[in-house]
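Enquirer: One file: target.cif (mmCIF, C-alpha atoms and all ligand atoms).
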data_query
#
loop_
_atom_site.group_PDB
_atom_site.id
_atom_site.type_symbol
_atom_site.label_atom_id
_atom_site.label_comp_id
_atom_site.auth_asym_id
_atom_site.auth_seq_id
_atom_site.Cartn_x
_atom_site.Cartn_y
_atom_site.Cartn_z
ATOM 1 C CA MET T 1 142.344 104.008 149.594
ATOM 2 C CA PHE T 2 141.484 107.402 151.077
ATOM 3 C CA PRO T 3 140.176 110.319 149.056
ATOM 4 C CA GLU T 4 142.654 113.199 148.923
ATOM 5 C CA SER T 5 142.060 115.092 152.178
ATOM 6 C CA THR T 6 141.220 118.776 152.096
ATOM 7 C CA THR T 7 141.087 119.041 155.871
ATOM 8 C CA GLY T 8 144.525 117.738 156.850
ATOM 9 C CA TYR T 9 147.211 119.590 158.747
ATOM 10 C CA GLU T 10 148.812 121.325 155.776
ATOM 11 C CA GLU T 11 145.482 122.569 154.377
ATOM 12 C CA CYS T 12 144.344 123.888 157.765
ATOM 13 C CA LYS T 13 147.764 125.506 158.299
ATOM 14 C CA ALA T 14 147.578 127.276 154.954
ATOM 15 C CA THR T 15 144.165 128.718 155.840
ATOM 16 C CA ALA T 16 145.297 129.718 159.346
ATOM 17 C CA ASP T 17 148.478 131.358 158.008
ATOM 18 C CA TRP T 18 146.405 133.300 155.472
ATOM 19 C CA LEU T 19 144.154 134.570 158.290
ATOM 20 C CA LEU T 20 147.107 135.435 160.534
ATOM 21 C CA ALA T 21 148.493 137.546 157.705
ATOM 22 C CA GLN T 22 145.196 139.480 157.472
ATOM 23 C CA VAL T 23 144.601 140.294 161.137
ATOM 24 C CA PRO T 24 146.772 141.342 164.075
ATOM 25 C CA VAL T 25 144.457 139.677 166.644
ATOM 26 C CA ARG T 26 145.843 136.496 168.258
ATOM 27 C CA PRO T 27 142.742 134.867 169.747
ATOM 28 C CA LEU T 28 142.841 132.537 172.757
ATOM 29 C CA VAL T 29 139.082 131.975 172.660
ATOM 30 C CA GLY T 30 137.134 130.709 169.644
ATOM 31 C CA ILE T 31 133.366 131.016 169.580
ATOM 32 C CA VAL T 32 130.884 129.291 167.271
ATOM 33 C CA CYS T 33 127.458 130.928 167.042
ATOM 34 C CA GLY T 34 124.396 128.748 166.552
ATOM 35 C CA SER T 35 121.239 129.407 164.510
ATOM 36 C CA GLY T 36 119.925 132.886 165.252
ATOM 37 C CA LEU T 37 122.705 133.455 167.801
ATOM 38 C CA GLY T 38 125.130 135.376 165.596
ATOM 39 C CA GLY T 39 124.553 138.543 167.653
ATOM 40 C CA LEU T 40 127.356 137.343 169.899
ATOM 41 C CA ALA T 41 129.818 138.163 167.130
ATOM 42 C CA ASP T 42 128.494 141.733 167.044
ATOM 43 C CA MET T 43 129.593 142.223 170.655
ATOM 44 C CA LEU T 44 133.254 141.996 169.700
ATOM 45 C CA LYS T 45 135.134 145.288 170.069
ATOM 46 C CA ASP T 46 137.278 146.570 167.202
ATOM 47 C CA PRO T 47 135.914 143.848 164.923
ATOM 48 C CA LEU T 48 137.745 142.656 161.856
ATOM 49 C CA VAL T 49 135.297 140.786 159.662
ATOM 50 C CA ILE T 50 136.263 138.308 156.962
ATOM 51 C CA ASN T 51 133.618 136.684 154.776
ATOM 52 C CA TYR T 52 133.889 132.920 154.519
ATOM 53 C CA LYS T 53 133.817 133.234 150.743
ATOM 54 C CA ASP T 54 137.098 135.165 150.856
ATOM 55 C CA ILE T 55 138.937 132.630 153.029
ATOM 56 C CA PRO T 56 140.937 130.051 151.045
ATOM 57 C CA ASP T 57 139.426 126.544 151.266
ATOM 58 C CA PHE T 58 136.718 127.600 153.740
ATOM 59 C CA PRO T 59 133.252 126.081 153.303
ATOM 60 C CA GLN T 60 130.315 128.459 152.690
ATOM 61 C CA SER T 61 127.233 128.962 154.913
ATOM 62 C CA THR T 62 124.055 127.975 153.109
ATOM 63 C CA VAL T 63 121.501 128.234 155.932
ATOM 64 C CA HIS T 64 119.160 131.114 156.764
ATOM 65 C CA GLY T 65 120.251 132.412 160.208
ATOM 66 C CA HIS T 66 123.946 131.666 159.548
ATOM 67 C CA ALA T 67 125.728 134.725 158.180
ATOM 68 C CA GLY T 68 129.008 133.258 156.912
ATOM 69 C CA LYS T 69 131.499 135.628 158.536
ATOM 70 C CA LEU T 70 134.551 135.153 160.695
ATOM 71 C CA VAL T 71 134.910 137.993 163.183
ATOM 72 C CA PHE T 72 138.099 138.778 165.099
ATOM 73 C CA GLY T 73 138.065 141.221 168.001
ATOM 74 C CA THR T 74 138.006 141.473 171.763
ATOM 75 C CA LEU T 75 135.284 140.561 174.205
ATOM 76 C CA LYS T 76 135.764 142.281 177.568
ATOM 77 C CA GLY T 77 139.435 142.713 176.681
ATOM 78 C CA LYS T 78 140.020 139.071 175.659
ATOM 79 C CA ALA T 79 141.113 138.384 172.095
ATOM 80 C CA CYS T 80 138.494 136.214 170.366
ATOM 81 C CA VAL T 81 137.584 134.820 167.004
ATOM 82 C CA CYS T 82 133.928 134.161 166.313
ATOM 83 C CA MET T 83 132.243 132.099 163.624
ATOM 84 C CA LYS T 84 129.018 133.789 162.634
ATOM 85 C CA GLY T 85 127.521 130.773 160.950
ATOM 86 C CA ARG T 86 128.655 127.167 161.082
ATOM 87 C CA PHE T 87 128.518 124.139 158.787
ATOM 88 C CA HIS T 88 126.224 121.166 159.066
ATOM 89 C CA LEU T 89 126.065 117.650 157.664
ATOM 90 C CA TYR T 90 122.702 118.410 156.071
ATOM 91 C CA GLU T 91 124.255 121.070 153.841
ATOM 92 C CA GLY T 92 125.959 118.215 152.048
ATOM 93 C CA TYR T 93 129.463 118.788 153.372
ATOM 94 C CA PRO T 94 131.533 115.783 154.357
ATOM 95 C CA VAL T 95 131.693 115.814 158.154
ATOM 96 C CA GLN T 96 135.462 116.451 158.005
ATOM 97 C CA LYS T 97 134.789 119.682 156.099
ATOM 98 C CA THR T 98 132.193 120.922 158.605
ATOM 99 C CA THR T 99 134.886 120.892 161.284
ATOM 100 C CA LEU T 100 137.761 122.442 159.315
ATOM 101 C CA PRO T 101 137.304 125.831 161.059
ATOM 102 C CA ILE T 102 137.916 124.199 164.432
ATOM 103 C CA ARG T 103 141.357 123.014 163.327
ATOM 104 C CA VAL T 104 141.968 126.469 161.923
ATOM 105 C CA PHE T 105 141.055 127.869 165.380
ATOM 106 C CA LYS T 106 143.715 125.626 166.891
ATOM 107 C CA LEU T 107 146.347 126.855 164.455
ATOM 108 C CA LEU T 108 145.374 130.471 165.179
ATOM 109 C CA GLY T 109 146.345 129.826 168.810
ATOM 110 C CA VAL T 110 142.885 129.244 170.286
ATOM 111 C CA GLU T 111 142.918 127.332 173.593
ATOM 112 C CA THR T 112 139.232 127.396 174.549
ATOM 113 C CA VAL T 113 136.261 126.864 172.252
ATOM 114 C CA ILE T 114 132.758 127.986 173.205
ATOM 115 C CA LEU T 115 129.959 126.633 171.050
ATOM 116 C CA THR T 116 126.321 127.660 171.044
ATOM 117 C CA ASN T 117 123.427 126.025 169.271
ATOM 118 C CA ALA T 118 119.674 125.984 168.964
ATOM 119 C CA ALA T 119 118.210 122.669 170.093
ATOM 120 C CA GLY T 120 114.908 120.909 170.552
ATOM 121 C CA GLY T 121 113.995 120.021 174.126
ATOM 122 C CA LEU T 122 113.527 116.299 174.702
ATOM 123 C CA ASN T 123 113.577 116.506 178.490
ATOM 124 C CA GLN T 124 110.005 117.134 179.593
ATOM 125 C CA ASP T 125 111.126 119.412 182.414
ATOM 126 C CA TYR T 126 112.692 121.813 179.921
ATOM 127 C CA GLU T 127 110.947 124.921 178.678
ATOM 128 C CA VAL T 128 111.449 126.900 175.519
ATOM 129 C CA GLY T 129 114.068 129.544 176.281
ATOM 130 C CA ASP T 130 116.047 127.400 178.714
ATOM 131 C CA ILE T 131 119.811 127.374 178.298
ATOM 132 C CA MET T 132 121.394 123.941 178.704
ATOM 133 C CA VAL T 133 125.046 123.566 179.603
ATOM 134 C CA ILE T 134 126.050 120.469 177.666
ATOM 135 C CA LYS T 135 127.672 117.928 179.960
ATOM 136 C CA ASP T 136 127.889 115.060 177.469
ATOM 137 C CA HIS T 137 126.760 114.051 174.012
ATOM 138 C CA ILE T 138 125.404 111.196 171.936
ATOM 139 C CA ASN T 139 126.826 111.199 168.431
ATOM 140 C CA MET T 140 124.216 109.400 166.327
ATOM 141 C CA PRO T 141 125.961 109.868 162.949
ATOM 142 C CA GLY T 142 129.276 109.038 164.614
ATOM 143 C CA LEU T 143 128.022 105.798 166.116
ATOM 144 C CA ALA T 144 126.992 104.832 162.603
ATOM 145 C CA GLY T 145 130.481 105.588 161.227
ATOM 146 C CA ASN T 146 130.206 109.266 160.283
ATOM 147 C CA ASN T 147 132.707 110.691 162.772
ATOM 148 C CA PRO T 148 134.810 113.734 161.778
ATOM 149 C CA LEU T 149 138.005 111.871 162.681
ATOM 150 C CA VAL T 150 137.345 109.067 160.184
ATOM 151 C CA GLY T 151 140.185 108.898 157.652
ATOM 152 C CA PRO T 152 143.912 109.361 158.122
ATOM 153 C CA ASN T 153 144.900 110.566 161.584
ATOM 154 C CA TYR T 154 146.918 113.772 161.691
ATOM 155 C CA ASP T 155 149.319 113.162 164.576
ATOM 156 C CA ARG T 156 150.208 116.834 164.756
ATOM 157 C CA PHE T 157 146.619 117.490 165.782
ATOM 158 C CA GLY T 158 146.106 114.538 168.103
ATOM 159 C CA VAL T 159 145.985 110.813 168.746
ATOM 160 C CA ARG T 160 144.165 108.201 166.669
ATOM 161 C CA PHE T 161 141.746 107.238 169.439
ATOM 162 C CA PRO T 162 140.951 110.323 171.518
ATOM 163 C CA CYS T 163 139.119 110.073 174.838
ATOM 164 C CA MET T 164 135.651 111.657 174.896
ATOM 165 C CA SER T 165 134.599 110.982 178.490
ATOM 166 C CA ASP T 166 136.060 114.367 179.413
ATOM 167 C CA ALA T 167 134.904 116.224 176.279
ATOM 168 C CA TYR T 168 133.075 119.006 178.124
ATOM 169 C CA ASP T 169 135.395 120.804 180.519
ATOM 170 C CA ARG T 170 134.062 120.532 184.076
ATOM 171 C CA GLY T 171 135.658 123.784 185.182
ATOM 172 C CA LEU T 172 134.045 125.692 182.322
ATOM 173 C CA GLN T 173 130.650 124.117 183.061
ATOM 174 C CA GLN T 174 131.024 125.239 186.670
ATOM 175 C CA LEU T 175 132.045 128.711 185.513
ATOM 176 C CA ALA T 176 128.984 128.907 183.236
ATOM 177 C CA HIS T 177 126.686 128.151 186.168
ATOM 178 C CA GLU T 178 128.491 130.638 188.420
ATOM 179 C CA VAL T 179 128.282 133.420 185.846
ATOM 180 C CA ALA T 180 124.620 132.579 185.182
ATOM 181 C CA GLY T 181 123.973 132.808 188.931
ATOM 182 C CA ASP T 182 125.618 136.232 189.135
ATOM 183 C CA LEU T 183 123.467 137.455 186.230
ATOM 184 C CA GLY T 184 120.260 136.110 187.800
ATOM 185 C CA TYR T 185 119.827 133.508 185.055
ATOM 186 C CA SER T 186 119.850 130.364 187.215
ATOM 187 C CA VAL T 187 116.075 129.866 186.829
ATOM 188 C CA PHE T 188 116.455 129.023 183.153
ATOM 189 C CA MET T 189 119.811 127.226 183.290
ATOM 190 C CA ARG T 190 119.874 123.459 182.812
ATOM 191 C CA GLU T 191 122.563 120.872 182.245
ATOM 192 C CA GLY T 192 122.174 117.811 180.123
ATOM 193 C CA VAL T 193 123.023 115.510 177.260
ATOM 194 C CA TYR T 194 122.909 116.800 173.676
ATOM 195 C CA LEU T 195 122.194 114.322 170.916
ATOM 196 C CA VAL T 196 123.176 115.131 167.347
ATOM 197 C CA VAL T 197 121.213 113.944 164.326
ATOM 198 C CA GLY T 198 122.009 114.438 160.665
ATOM 199 C CA GLY T 199 118.899 116.470 159.770
ATOM 200 C CA PRO T 200 117.658 118.437 157.927
ATOM 201 C CA SER T 201 114.205 116.939 158.535
ATOM 202 C CA PHE T 202 113.065 117.313 162.108
ATOM 203 C CA GLU T 203 112.491 114.143 164.081
ATOM 204 C CA THR T 204 109.369 112.017 163.872
ATOM 205 C CA ILE T 205 107.330 111.343 166.978
ATOM 206 C CA ALA T 206 108.697 107.808 167.196
ATOM 207 C CA GLU T 207 112.256 109.116 166.812
ATOM 208 C CA CYS T 208 111.758 111.671 169.595
ATOM 209 C CA ARG T 209 110.481 108.953 171.878
ATOM 210 C CA MET T 210 113.492 106.815 171.037
ATOM 211 C CA LEU T 211 115.925 109.682 171.668
ATOM 212 C CA ARG T 212 114.389 110.279 175.096
ATOM 213 C CA LEU T 213 114.821 106.614 175.931
ATOM 214 C CA LEU T 214 118.479 106.903 174.952
ATOM 215 C CA GLY T 215 118.988 109.474 177.696
ATOM 216 C CA ALA T 216 119.223 112.657 175.653
ATOM 217 C CA ASP T 217 117.875 115.945 176.997
ATOM 218 C CA ALA T 218 118.141 117.986 173.799
ATOM 219 C CA VAL T 219 118.441 117.241 170.089
ATOM 220 C CA GLY T 220 120.118 119.241 167.350
ATOM 221 C CA MET T 221 122.066 119.062 164.119
ATOM 222 C CA SER T 222 125.450 120.518 165.071
ATOM 223 C CA THR T 223 128.159 121.009 167.701
ATOM 224 C CA VAL T 224 129.182 117.421 168.428
ATOM 225 C CA HIS T 225 131.450 117.112 165.370
ATOM 226 C CA GLU T 226 133.145 120.370 166.320
ATOM 227 C CA VAL T 227 133.579 119.230 169.911
ATOM 228 C CA ILE T 228 135.224 115.972 168.827
ATOM 229 C CA VAL T 229 137.701 117.781 166.579
ATOM 230 C CA ALA T 230 138.424 120.413 169.237
ATOM 231 C CA ARG T 231 139.140 117.736 171.844
ATOM 232 C CA HIS T 232 141.250 115.741 169.394
ATOM 233 C CA CYS T 233 143.612 118.706 169.097
ATOM 234 C CA GLY T 234 143.568 119.494 172.807
ATOM 235 C CA MET T 235 141.375 122.568 173.108
ATOM 236 C CA LYS T 236 139.031 123.005 176.073
ATOM 237 C CA VAL T 237 135.319 123.019 175.265
ATOM 238 C CA LEU T 238 132.209 124.662 176.658
ATOM 239 C CA ALA T 239 128.941 124.160 174.775
ATOM 240 C CA LEU T 240 125.555 125.762 175.426
ATOM 241 C CA SER T 241 122.205 124.855 173.885
ATOM 242 C CA LEU T 242 119.334 127.283 173.679
ATOM 243 C CA ILE T 243 116.126 125.257 173.804
ATOM 244 C CA THR T 244 114.181 126.848 170.971
ATOM 245 C CA ASN T 245 111.297 124.384 170.800
ATOM 246 C CA GLN T 246 109.879 121.376 172.564
ATOM 247 C CA VAL T 247 110.029 118.342 170.311
ATOM 248 C CA VAL T 248 106.739 116.803 169.263
ATOM 249 C CA ALA T 249 106.541 113.406 170.938
ATOM 250 C CA ASP T 250 102.808 112.959 171.200
ATOM 251 C CA TYR T 251 100.441 111.743 168.460
ATOM 252 C CA ASP T 252 97.658 114.011 169.768
ATOM 253 C CA SER T 253 99.776 117.159 169.445
ATOM 254 C CA GLU T 254 98.911 119.665 166.739
ATOM 255 C CA LYS T 255 102.373 121.257 167.010
ATOM 256 C CA LYS T 256 104.933 121.050 164.217
ATOM 257 C CA ALA T 257 108.652 121.765 164.566
ATOM 258 C CA ASN T 258 109.795 124.535 162.247
ATOM 259 C CA HIS T 259 112.888 126.659 161.630
ATOM 260 C CA GLU T 260 111.069 129.988 162.125
ATOM 261 C CA GLU T 261 110.220 129.079 165.724
ATOM 262 C CA VAL T 262 113.869 128.175 166.248
ATOM 263 C CA LEU T 263 115.018 131.581 164.983
ATOM 264 C CA GLU T 264 112.328 133.509 166.915
ATOM 265 C CA THR T 265 113.261 131.952 170.252
ATOM 266 C CA GLY T 266 116.884 132.582 169.403
ATOM 267 C CA GLU T 267 116.061 136.274 169.097
ATOM 268 C CA LEU T 268 114.158 136.420 172.381
ATOM 269 C CA ARG T 269 116.841 134.845 174.523
ATOM 270 C CA ALA T 270 119.816 135.849 172.382
ATOM 271 C CA LYS T 271 120.741 138.951 174.373
ATOM 272 C CA GLN T 272 120.947 137.002 177.605
ATOM 273 C CA LEU T 273 122.933 134.210 175.993
ATOM 274 C CA GLU T 274 125.339 136.814 174.573
ATOM 275 C CA LYS T 275 125.751 138.395 177.986
ATOM 276 C CA LEU T 276 126.313 134.992 179.556
ATOM 277 C CA VAL T 277 129.004 134.057 177.039
ATOM 278 C CA SER T 278 130.812 137.399 177.193
ATOM 279 C CA ASN T 279 130.934 137.235 180.992
ATOM 280 C CA ILE T 280 132.196 133.665 180.843
ATOM 281 C CA VAL T 281 134.917 134.735 178.395
ATOM 282 C CA SER T 282 136.010 137.550 180.695
ATOM 283 C CA ARG T 283 136.490 135.054 183.531
ATOM 284 C CA ILE T 284 138.327 132.329 181.608
ATOM 285 C CA GLU T 285 141.873 131.889 182.878
ATOM 286 C CA HIS T 286 144.548 130.996 180.359
HETATM 287 N N1 LIG A 1 115.412 118.948 166.289
HETATM 288 C C1 LIG A 1 116.623 118.997 165.716
HETATM 289 N N2 LIG A 1 117.347 120.093 165.649
HETATM 290 C C2 LIG A 1 116.849 121.213 166.172
HETATM 291 C C3 LIG A 1 115.600 121.253 166.788
HETATM 292 C C4 LIG A 1 114.842 120.045 166.843
HETATM 293 O O1 LIG A 1 113.710 119.999 167.367
HETATM 294 N N3 LIG A 1 115.395 122.526 167.225
HETATM 295 C C5 LIG A 1 116.501 123.234 166.879
HETATM 296 N N4 LIG A 1 117.387 122.448 166.247
#
Kindly present the structure from the file in structure tokens form.
Expert:
Amino acid sequence: MFPESTTGYEECKATADWLLAQVPVRPLVGIVCGSGLGGLADMLKDPLVINYKDIPDFPQSTVHGHAGKLVFGTLKGKACVCMKGRFHLYEGYPVQKTTLPIRVFKLLGVETVILTNAAGGLNQDYEVGDIMVIKDHINMPGLAGNNPLVGPNYDRFGVRFPCMSDAYDRGLQQLAHEVAGDLGYSVFMREGVYLVVGGPSFETIAECRMLRLLGADAVGMSTVHEVIVARHCGMKVLALSLITNQVVADYDSEKKANHEEVLETGELRAKQLEKLVSNIVSRIEH
């Protein structure tokens, strides 16, 4: 009844064991860099870089702004592994494949996952360049049946019906705000609900209006699948959205959403986001 899984426990274990044989680092923190935010991976000390194409059974990055490298190293003395480039539904991967690296993180020993993404601002109080601490999500593809946990459940990872009301760790959200305060970033920090769409086309005006009505503050094409898989296997999650553009929700607007704007804003705010994440990592208690 089910297609042969390529993302089950044994497959993920084989990939993790291969990686553990290549590197001496035993990471407790796993980081996923969003579009244009790969600079975070370059902050790792004593980096050991493995190209996705060399990792057995790993998907490949196909998107401009996503490098396709796994970087092991330390961030302020903490052992980390960092995905420089992630996988999206719109690349044509089955959703289970987009989240395979998260299960590999778990089997590498990761306890806390920090995810970053570029997102469109739906909340009218948000400005381009704001950083939103994600407090909850709306999984549009998931509500329609495209959830990464669809298929056989792997009990060694987690339960069949995992809770998602506590998906985003409250303590880590608090820590993010505290660190942002210490760095003088509070003026551009927000917290809100991230809504994931399948992409790759940006949203229509009518869709943006609908998403606002649903209670979402930001919209993007990633992160939520990874969060669900991370929570399923018991890792703690912190997720941060960089608001790279305001969505177009007005028929009189001349503006058009585009990927270049997303990458440009990423560049402008990237350094501060990197500093925020590295300071958060240094203060995570395991
Ligand atoms: N919509 C969807 N995904 C995005 C956007 C957007 O406006 N900006 C960055 N990622």
Enquirer: When you look at segment 95-99 of chain T with a cut-off of 8 Å (counting only C-alpha atoms), what residues show up, excluding the ones that are within fewer than 3 positions of it in the same chain? I need them as a count of residues only.
Expert: 17
Enquirer: Centre and edge lengths of an axis-aligned box around all listed atoms of segment 217-225 of chain T, with 6 Å added on each side, are to be given in Å to one decimal, as JSON.
Expert:
{"center_x": 124.7, "center_y": 118.5, "center_z": 170.6, "size_x": 25.6, "size_y": 17.1, "size_z": 24.9}
Enquirer: Identify, on the basis of all atoms listed in the file, every residue whose closest approach to segment 121-134 of chain T does not exceed 10 Å; exclude the query and any residue fewer than 2 positions from it along the same chain; express the result as a ChimeraX atom specification.
Expert: /T:115-119,136-137,167-169,172-174,176-177,180,185-195,208-209,211-213,215-220,237-249,262,265-266,268-270,272-273
Enquirer: Find the distance between atom CA of Cys233 of chain T and atom CA of Gly158 of chain T and write it in Å to one decimal.
Expert: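 Rounded to one decimal, the two atoms are 5.0 Å apart.
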Enquirer: By how many Å are atom CA of Cys80 of chain T and atom CA of Gly8 of chain T apart?
Expert: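 Atom-to-atom, atom CA of Cys80 of chain T to atom CA of Gly8 of chain T, that is 23.7 Å.
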Enquirer: Given the PyMOL selection byres (((chain T and resi 16-19) around 6) and not hetatm) and the file above, list the residues it selects as a list of chain:residue names.
Expert: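 After applying the PyMOL selection byres (((chain T and resi 16-19) around 6) and not hetatm), what remains is T:Lys13, T:Ala14, T:Thr15, T:Leu20, T:Ala21, T:Gln22, T:Val104, T:Leu107, T:Leu108.
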Enquirer: I'd like to know which of T:Gly151, T:Gly34, T:Gly120, T:Gly68 is closest to ligand LIG 1 (chain A), using all atoms listed in the file.
Expert: T:Gly120
Enquirer: Spell out the residues picked by the PyMOL selection byres (((chain T and resi 274) around 9) and not hetatm) here, as a list in words.
Expert: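 That expression, the PyMOL selection byres (((chain T and resi 274) around 9) and not hetatm), corresponds here to Leu37, Gly39, Leu40, Ala41, Met43, Arg269, Ala270, Lys271, Gln272, Leu273, Lys275, Leu276, Val277, Ser278 and Asn279 of chain T.
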Enquirer: Measuring between only C-alpha atoms, which one of T:Val196, T:Ala79, T:Val63, T:Leu214 shows the shortest distance to Arg26 of chain T?
Expert: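 Closest residue, counting only C-alpha atoms: T:Ala79.
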Enquirer: Taking only C-alpha atoms and all ligand atoms into account, which of T:Ile205, T:Ala257, T:Ile284, T:Val23 comes nearest ligand LIG 1 (chain A)?
Expert: T:Ala257
Enquirer: At the level of N, CA, C and O atoms, write segment 62-74 of chain T to a file as a PDB file, in the first residue's frame, please.
Expert:
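The file below, out_37.pdb, is the result:
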ATOM      1  N   THR T  62      18.376  22.949  -5.127  1.00  0.00           N
ATOM      2  CA  THR T  62      18.215  23.389  -6.514  1.00  0.00           C
ATOM      3  C   THR T  62      17.924  24.885  -6.607  1.00  0.00           C
ATOM      4  O   THR T  62      17.714  25.404  -7.691  1.00  0.00           O
ATOM      5  N   VAL T  63      17.899  25.583  -5.465  1.00  0.00           N
ATOM      6  CA  VAL T  63      17.435  26.974  -5.468  1.00  0.00           C
ATOM      7  C   VAL T  63      18.592  27.960  -5.319  1.00  0.00           C
ATOM      8  O   VAL T  63      19.467  27.765  -4.471  1.00  0.00           O
ATOM      9  N   HIS T  64      18.565  29.025  -6.114  1.00  0.00           N
ATOM     10  CA  HIS T  64      19.527  30.109  -5.979  1.00  0.00           C
ATOM     11  C   HIS T  64      19.407  30.676  -4.557  1.00  0.00           C
ATOM     12  O   HIS T  64      18.308  30.938  -4.090  1.00  0.00           O
ATOM     13  N   GLY T  65      20.545  30.839  -3.860  1.00  0.00           N
ATOM     14  CA  GLY T  65      20.498  31.325  -2.470  1.00  0.00           C
ATOM     15  C   GLY T  65      20.599  30.186  -1.465  1.00  0.00           C
ATOM     16  O   GLY T  65      20.661  30.419  -0.270  1.00  0.00           O
ATOM     17  N   HIS T  66      20.599  28.944  -1.959  1.00  0.00           N
ATOM     18  CA  HIS T  66      20.745  27.767  -1.081  1.00  0.00           C
ATOM     19  C   HIS T  66      21.944  26.954  -1.565  1.00  0.00           C
ATOM     20  O   HIS T  66      21.887  26.313  -2.616  1.00  0.00           O
ATOM     21  N   ALA T  67      23.032  26.987  -0.772  1.00  0.00           N
ATOM     22  CA  ALA T  67      24.307  26.473  -1.276  1.00  0.00           C
ATOM     23  C   ALA T  67      24.406  24.950  -1.419  1.00  0.00           C
ATOM     24  O   ALA T  67      25.087  24.457  -2.315  1.00  0.00           O
ATOM     25  N   GLY T  68      23.748  24.209  -0.537  1.00  0.00           N
ATOM     26  CA  GLY T  68      23.858  22.746  -0.628  1.00  0.00           C
ATOM     27  C   GLY T  68      25.065  22.180   0.097  1.00  0.00           C
ATOM     28  O   GLY T  68      25.767  21.318  -0.431  1.00  0.00           O
ATOM     29  N   LYS T  69      25.318  22.686   1.297  1.00  0.00           N
ATOM     30  CA  LYS T  69      26.464  22.196   2.086  1.00  0.00           C
ATOM     31  C   LYS T  69      26.029  21.979   3.533  1.00  0.00           C
ATOM     32  O   LYS T  69      25.270  22.781   4.086  1.00  0.00           O
ATOM     33  N   LEU T  70      26.581  20.923   4.107  1.00  0.00           N
ATOM     34  CA  LEU T  70      26.387  20.667   5.529  1.00  0.00           C
ATOM     35  C   LEU T  70      27.697  21.051   6.215  1.00  0.00           C
ATOM     36  O   LEU T  70      28.757  20.573   5.809  1.00  0.00           O
ATOM     37  N   VAL T  71      27.595  21.929   7.207  1.00  0.00           N
ATOM     38  CA  VAL T  71      28.816  22.426   7.851  1.00  0.00           C
ATOM     39  C   VAL T  71      28.798  22.040   9.337  1.00  0.00           C
ATOM     40  O   VAL T  71      27.838  22.354  10.052  1.00  0.00           O
ATOM     41  N   PHE T  72      29.837  21.355   9.754  1.00  0.00           N
ATOM     42  CA  PHE T  72      30.018  21.012  11.170  1.00  0.00           C
ATOM     43  C   PHE T  72      31.071  21.954  11.747  1.00  0.00           C
ATOM     44  O   PHE T  72      32.045  22.308  11.071  1.00  0.00           O
ATOM     45  N   GLY T  73      30.907  22.332  13.003  1.00  0.00           N
ATOM     46  CA  GLY T  73      31.911  23.190  13.632  1.00  0.00           C
ATOM     47  C   GLY T  73      31.417  23.643  14.988  1.00  0.00           C
ATOM     48  O   GLY T  73      30.461  23.067  15.538  1.00  0.00           O
ATOM     49  N   THR T  74      32.028  24.698  15.517  1.00  0.00           N
ATOM     50  CA  THR T  74      31.561  25.213  16.796  1.00  0.00           C
ATOM     51  C   THR T  74      31.176  26.680  16.652  1.00  0.00           C
ATOM     52  O   THR T  74      31.784  27.432  15.891  1.00  0.00           O
TER      53      THR T  74
END
